[in-house]
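Visitor: My file is structure-v8.csv. It has CSV, C-alpha atoms and all ligand atoms:
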chain,number,residue,atom,x,y,z
R,1,MET,CA,138.5,53.4,107.3
R,2,TYR,CA,138.4,56.9,105.9
R,3,GLY,CA,138.2,57.2,102.1
R,4,LEU,CA,141.6,58.8,102.1
R,5,VAL,CA,143.0,55.3,102.7
R,6,ASN,CA,141.1,53.6,99.8
R,7,ARG,CA,142.0,56.5,97.6
R,8,ALA,CA,145.7,56.0,98.4
R,9,ILE,CA,145.4,52.3,97.5
R,10,GLU,CA,143.9,53.5,94.1
R,11,GLY,CA,146.8,56.1,93.7
R,12,LEU,CA,149.4,53.5,94.3
R,13,VAL,CA,147.9,51.0,91.9
R,14,LEU,CA,147.4,53.6,89.2
R,15,GLU,CA,151.0,54.9,89.6
R,16,LYS,CA,152.7,51.5,89.5
R,17,PHE,CA,150.4,49.4,87.3
R,18,GLY,CA,147.9,51.7,85.5
R,19,GLU,CA,144.1,52.0,84.9
R,20,GLU,CA,143.4,48.5,83.5
R,21,THR,CA,144.9,46.8,86.5
R,22,TRP,CA,143.0,49.0,88.9
R,23,ARG,CA,139.7,48.1,87.1
R,24,LYS,CA,140.5,44.4,87.4
R,25,ILE,CA,141.3,44.8,91.1
R,26,CYS,CA,137.9,46.6,91.7
R,27,ALA,CA,136.1,43.9,89.8
R,28,ARG,CA,137.8,41.2,91.8
R,29,ALA,CA,136.9,43.0,95.0
R,30,GLU,CA,133.3,43.1,93.8
R,31,LEU,CA,133.0,46.9,94.4
R,32,GLN,CA,130.0,48.4,92.6
R,33,ASP,CA,131.1,52.0,93.0
R,34,PRO,CA,134.9,52.2,93.6
R,35,SER,CA,135.1,55.9,94.4
R,36,TRP,CA,135.5,57.4,97.9
R,37,VAL,CA,135.3,60.8,99.6
R,38,ALA,CA,138.6,61.3,101.5
R,39,MET,CA,136.9,62.7,104.6
R,40,GLN,CA,134.1,60.1,104.8
R,41,ALA,CA,134.4,56.9,106.9
R,42,TYR,CA,133.7,53.6,105.1
R,43,ASP,CA,133.5,50.0,106.3
R,44,ASP,CA,137.0,48.5,106.9
R,45,ALA,CA,135.8,45.5,104.8
R,46,ILE,CA,136.3,47.7,101.6
R,47,THR,CA,139.9,48.3,102.4
R,48,TYR,CA,140.6,44.7,103.2
R,49,ALA,CA,138.8,43.6,100.0
R,50,LEU,CA,141.0,46.0,98.0
R,51,VAL,CA,144.2,44.6,99.6
R,52,GLY,CA,143.1,41.0,99.0
R,53,ALA,CA,142.1,41.7,95.4
R,54,ALA,CA,145.4,43.6,94.7
R,55,SER,CA,147.3,40.7,96.2
R,56,ALA,CA,145.5,38.1,93.9
R,57,GLU,CA,145.7,40.3,90.8
R,58,LEU,CA,149.3,41.2,91.2
R,59,GLY,CA,150.5,37.8,92.4
R,60,MET,CA,152.0,39.4,95.5
R,61,ASP,CA,151.2,38.2,99.0
R,62,SER,CA,149.0,40.6,101.0
R,63,ALA,CA,151.9,41.4,103.4
R,64,ALA,CA,153.9,42.7,100.4
R,65,VAL,CA,150.9,44.8,99.2
R,66,LEU,CA,150.5,46.3,102.7
R,67,GLU,CA,154.2,47.1,103.0
R,68,ALA,CA,154.2,48.8,99.7
R,69,PHE,CA,151.1,50.7,100.7
R,70,GLY,CA,152.6,51.8,104.0
R,71,GLU,CA,155.6,53.2,102.2
R,72,TYR,CA,153.5,55.0,99.7
R,73,TRP,CA,151.3,56.5,102.4
R,74,THR,CA,154.2,58.6,103.8
R,75,SER,CA,154.4,60.5,100.5
R,76,TYR,CA,150.7,60.3,99.5
R,77,THR,CA,149.6,62.1,102.7
R,78,ILE,CA,152.1,64.9,102.0
R,79,GLU,CA,150.6,65.3,98.5
R,80,GLU,CA,147.1,65.4,100.0
R,81,GLY,CA,147.9,68.4,102.2
R,82,TYR,CA,149.3,66.8,105.4
R,83,GLY,CA,152.9,67.9,104.8
R,84,ASP,CA,152.8,70.7,107.4
R,85,LEU,CA,151.3,68.4,110.0
R,86,MET,CA,154.0,65.9,109.2
R,87,SER,CA,156.7,68.6,109.5
R,88,MET,CA,155.4,69.7,112.9
R,89,MET,CA,155.7,66.2,114.3
R,90,GLY,CA,159.4,66.0,114.4
R,91,GLY,CA,162.8,66.7,112.9
R,92,SER,CA,164.1,63.2,113.3
R,93,LEU,CA,162.7,59.7,112.9
R,94,ASP,CA,162.8,59.0,116.7
R,95,GLU,CA,161.0,62.3,117.5
R,96,PHE,CA,158.4,61.6,114.8
R,97,LEU,CA,157.7,58.1,116.1
R,98,ASP,CA,157.3,59.6,119.6
R,99,ASN,CA,154.6,61.9,118.2
R,100,LEU,CA,152.6,59.4,116.1
R,101,ASP,CA,149.7,59.3,118.7
R,102,SER,CA,149.5,63.1,119.0
R,103,MET,CA,149.5,63.3,115.2
R,104,HIS,CA,146.6,60.9,114.8
R,105,ALA,CA,144.8,62.7,117.7
R,106,ARG,CA,145.1,65.9,115.7
R,107,ILE,CA,143.8,64.1,112.6
R,108,GLY,CA,140.9,62.9,114.7
R,109,GLY,CA,139.9,66.5,115.1
R,110,THR,CA,138.9,66.6,111.4
R,111,MET,CA,138.0,62.9,111.2
R,112,PRO,CA,135.8,62.2,114.1
R,113,GLU,CA,135.2,58.6,113.3
R,114,LEU,CA,138.9,57.8,113.1
R,115,VAL,CA,139.9,54.6,114.9
R,116,PRO,CA,143.6,55.4,115.2
R,117,PRO,CA,146.5,53.0,115.9
R,118,GLY,CA,148.6,53.4,119.1
R,119,PHE,CA,152.4,53.7,119.1
R,120,GLU,CA,155.0,53.7,121.8
R,121,ARG,CA,158.7,53.9,121.2
R,122,GLU,CA,161.1,52.4,123.8
R,123,PRO,CA,164.7,53.6,123.4
R,124,GLN,CA,167.2,50.8,123.9
R,125,GLU,CA,170.7,51.1,125.4
R,126,ASP,CA,172.4,50.1,122.2
R,127,GLY,CA,170.7,53.1,120.4
R,128,SER,CA,168.0,51.0,118.7
R,129,SER,CA,164.3,51.4,119.5
R,130,ILE,CA,161.5,49.0,120.2
R,131,LEU,CA,158.3,50.3,118.6
R,132,HIS,CA,155.0,49.0,120.1
R,133,TYR,CA,152.0,49.1,117.7
R,134,ARG,CA,148.5,48.6,119.1
R,135,SER,CA,145.5,48.3,116.9
R,136,GLU,CA,141.9,47.3,116.9
R,137,ARG,CA,142.4,46.0,113.4
R,138,GLU,CA,144.0,42.7,112.4
R,139,GLY,CA,146.9,42.0,110.1
R,140,LEU,CA,148.3,45.5,109.4
R,141,ALA,CA,151.8,45.0,110.9
R,142,PRO,CA,153.3,44.7,107.4
R,143,MET,CA,151.9,48.2,106.7
R,144,VAL,CA,153.8,49.5,109.7
R,145,ILE,CA,157.0,48.1,108.3
R,146,GLY,CA,156.4,50.0,105.0
R,147,LEU,CA,155.4,53.2,106.9
R,148,ILE,CA,158.7,53.1,108.9
R,149,LYS,CA,160.7,52.5,105.8
R,150,GLY,CA,158.9,55.5,104.1
R,151,LEU,CA,159.6,57.7,107.2
R,152,ALA,CA,163.3,56.6,107.2
R,153,ARG,CA,163.5,57.7,103.6
R,154,ARG,CA,161.9,61.0,104.5
R,155,PHE,CA,164.5,61.6,107.2
R,156,ASP,CA,167.3,60.3,105.0
R,157,VAL,CA,168.4,57.6,107.5
R,158,ALA,CA,169.4,54.0,106.8
R,159,ILE,CA,167.6,51.6,109.1
R,160,GLU,CA,166.8,48.0,109.6
R,161,ILE,CA,163.4,47.0,110.9
R,162,GLU,CA,162.5,43.6,112.2
R,163,GLN,CA,159.2,42.4,113.5
R,164,LEU,CA,159.5,40.7,116.9
R,165,GLU,CA,157.4,37.7,118.0
R,166,SER,CA,153.9,38.9,118.9
R,167,THR,CA,153.0,38.3,122.5
R,168,SER,CA,149.3,39.3,122.5
R,169,ALA,CA,146.6,40.0,120.0
R,170,GLY,CA,146.4,43.6,118.8
R,171,HIS,CA,149.9,44.3,119.9
R,172,ASP,CA,152.9,44.0,117.6
R,173,CYS,CA,156.5,45.0,118.3
R,174,PHE,CA,159.3,46.1,115.9
R,175,ARG,CA,163.0,46.6,116.5
R,176,ILE,CA,164.4,49.6,114.6
R,177,SER,CA,168.1,50.0,114.4
R,178,ALA,CA,170.6,52.0,112.3
R,179,SER,CA,172.1,50.0,109.4
Z,201,LIG,C1,149.8,63.1,108.1
Z,201,LIG,C2,149.9,61.8,107.7
Z,201,LIG,C3,148.8,60.8,108.2
Z,201,LIG,C4,147.5,60.8,108.1
Z,201,LIG,C5,146.6,61.9,107.5
Z,201,LIG,C6,147.0,59.6,108.7
Z,201,LIG,C7,145.7,59.2,108.7
Z,201,LIG,C8,145.2,58.0,109.0
Z,201,LIG,C9,143.9,57.5,108.7
Z,201,LIG,C10,142.8,58.3,108.1
Z,201,LIG,C11,143.8,56.2,109.0
Z,201,LIG,C12,142.6,55.2,108.9
Z,201,LIG,C13,142.0,55.0,110.2
Z,201,LIG,C14,140.5,55.2,110.2
Z,201,LIG,O1,140.0,55.7,109.2
Z,201,LIG,O2,139.8,54.8,111.2
Z,201,LIG,C15,145.1,55.8,109.5
Z,201,LIG,C16,145.5,54.6,109.9
Z,201,LIG,C17,146.8,54.2,110.3
Z,201,LIG,N1,147.9,55.0,110.4
Z,201,LIG,FE1,147.9,57.0,110.0
Z,201,LIG,N2,148.1,58.8,109.1
Z,201,LIG,C18,149.2,59.5,108.8
Z,201,LIG,C19,150.5,59.1,109.0
Z,201,LIG,C20,150.8,57.9,109.6
Z,201,LIG,C21,152.2,57.5,109.8
Z,201,LIG,C22,153.4,58.3,109.5
Z,201,LIG,C23,152.1,56.3,110.4
Z,201,LIG,C24,153.4,55.5,110.8
Z,201,LIG,C25,153.5,54.5,111.6
Z,201,LIG,C26,150.7,55.9,110.5
Z,201,LIG,C27,150.2,54.7,111.0
Z,201,LIG,C28,148.9,54.2,110.8
Z,201,LIG,C29,148.5,52.9,110.9
Z,201,LIG,C30,149.4,51.7,111.2
Z,201,LIG,C31,147.1,52.8,110.6
Z,201,LIG,C32,146.2,51.6,110.5
Z,201,LIG,C33,145.1,51.7,111.5
Z,201,LIG,C34,145.1,50.6,112.6
Z,201,LIG,O3,146.2,50.1,112.9
Z,201,LIG,O4,144.1,50.3,113.2
Z,201,LIG,N3,150.0,56.9,110.0
Z,201,LIG,N4,146.0,56.9,109.5
Before anything else, please render the file you have as structure tokens.

Guide:
Amino acid sequence: MYGLVNRAIEGLVLEKFGEETWRKICARAELQDPSWVAMQAYDDAITYALVGAASAELGMDSAAVLEAFGEYWTSYTIEEGYGDLMSMMGGSLDEFLDNLDSMHARIGGTMPELVPPGFEREPQEDGSSILHYRSEREGLAPMVIGLIKGLARRFDVAIEIEQLESTSAGHDCFRISAS
């Protein structure tokens, strides 16, 4: 993944746990040179190693690390200069979710090696939404839960999100409803 992602993991750990913990996580992940250029693509194995090492070091399961990371990502990207893009993508949570693919397509304009996720929102009669998430990567559904929680905070709406039973590999579904 692009260095921006690994840098965000670093940012989250530094903010919540400090420098010493970050050093221990990098040592556990056996990273020789834990520094990344935001706009350069790196092997996904680095990102997964960081999540695994953070989970072991902090005594949290990796789903909890990924969820915290997803939530942090919605504010980190704004700090990193993507605030205008985020604002252009919708004035409500539903509209924003509908535009996630066009947003990643735009990002792909400056990050040509991006392997973006795919999202599709299906509005339900009761006002809730089913969000389909498709990815070439494994195990990132908990990150999506954190991302949606972060977006709900951004739009100041109270939601509940529940992951539905997965029917096929690379395709996860979530129900998002007002709480
Ligand atoms: C402007 C803000 C954002 C930027 C700059 C951004 C950029 C990126 C980048 C660089 C990656 C790594 C993919 C790669 O390097 O190949 C990524 C992955 C991902 N993004 Fe975004 N993103 C943004 C917002 C969001 C939001 C709001 C969501 C909400 C659902 C989201 C969902 C994901 C997911 C789930 C992945 C994991 C990749 C996968 O599933 O294969 N992103 N994004």

Visitor: Of the candidates R:Gln40, R:Ser55, R:Ser177, R:Gln124, which shows the shortest atom-to-atom distance to ligand LIG 201 (chain Z), using all atoms listed in the file?

Guide: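 Of all the options, R:Gln40 lies closest to ligand LIG 201 (chain Z).
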
Visitor: Counting only C-alpha atoms, what are the residues of range 42-110 of chain R within 8 Å of range 151-166 of chain R, and for each of them which pair of atoms is the nearest and at what distance in Å, to one decimal? Sort the table by chain and rising number, as JSON lines.

Guide:
{"residue": "R:Glu71", "atom": "CA", "partner": "R:Leu151", "partner_atom": "CA", "distance": 7.8}
{"residue": "R:Thr74", "atom": "CA", "partner": "R:Leu151", "partner_atom": "CA", "distance": 6.4}
{"residue": "R:Gly91", "atom": "CA", "partner": "R:Phe155", "partner_atom": "CA", "distance": 7.8}
{"residue": "R:Ser92", "atom": "CA", "partner": "R:Phe155", "partner_atom": "CA", "distance": 6.3}
{"residue": "R:Leu93", "atom": "CA", "partner": "R:Phe155", "partner_atom": "CA", "distance": 6.3}

Visitor: How would you report the residues lying within 6 Å of ligand LIG 201 (chain Z), as an MDAnalysis selection string, if you count all atoms listed in the file?

Guide: chainID R and resid 1:2 74 77 82 85:86 114:117 135:137 144 147

Visitor: Enter the distance from CA of Phe96 in chain R to CA of Leu140 in chain R, in Å, rounded to one decimal.

Guide: 19.8 Å

Visitor: Between CA of His132 in chain R and CA of Gly170 in chain R, measure the distance and give it in Å to one decimal.

Guide: 10.2 Å

Visitor: Kindly give the distance, in Å, that separates CA of Lys16 in chain R and CA of Glu138 in chain R, rounded to a single decimal.

Guide: 26.0 Å

Visitor: Excluding range 97-103 of chain R and any residue of its chain fewer than 5 positions from it, enumerate the residues within 7 Å of it, using all atoms listed in the file, and give them as a list in words.

Guide: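 Once the nearby chain positions are removed, what remains is Met89, Gly118, Phe119, Glu120 and Arg121 of chain R.
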
Visitor: Residues within 12 Å of Gly127 in chain R, please, as a list of chain:residue names. Count all atoms listed in the file; anything in the same chain fewer than 5 positions from it doesn't count.

Guide: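 My list of contacting residues is R:Asp94, R:Glu122, R:Ile159, R:Arg175, R:Ile176, R:Ser177, R:Ala178, R:Ser179.
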
Visitor: Neighbouring residues of range 58-66 of chain R were defined as those with any atom within 10 Å, considering all atoms listed in the file; residues of the same chain fewer than 6 positions away were excluded. Please report them as a ChimeraX atom specification.

Guide: /R:9,13,17,21,25,48,51-52,72,139-147

Visitor: Measuring atom to atom with all atoms listed in the file, identify which of R:Ser168, R:Ser129, R:Gln32, R:Asn6 is nearest to Trp73 in chain R.

Guide: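 Of all the options, R:Asn6 lies closest to Trp73 in chain R.
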
Visitor: Give the answer as one residue: which of R:Leu31, R:Ile130, R:Leu12, R:Met88 has the shortest atom-to-atom distance to Gly70 in chain R, using only C-alpha atoms?

Guide: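 Nearest to Gly70 in chain R: R:Leu12.
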
Visitor: Please determine, counting all atoms listed in the file, which residue among R:Cys173, R:Cys26, R:Ile46, R:Val37 has the shortest atom-to-atom distance to Leu131 in chain R.

Guide: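 For Leu131 in chain R, the nearest of the candidates is R:Cys173.
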
Visitor: From the set R:Ala49, R:Ile78, R:Ala38, R:Ile148, which residue has the shortest atom-to-atom contact distance to Thr110 in chain R, counting only C-alpha atoms?

Guide: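 Nearest candidate to Thr110 in chain R out of R:Ala49, R:Ile78, R:Ala38, R:Ile148: R:Ala38.
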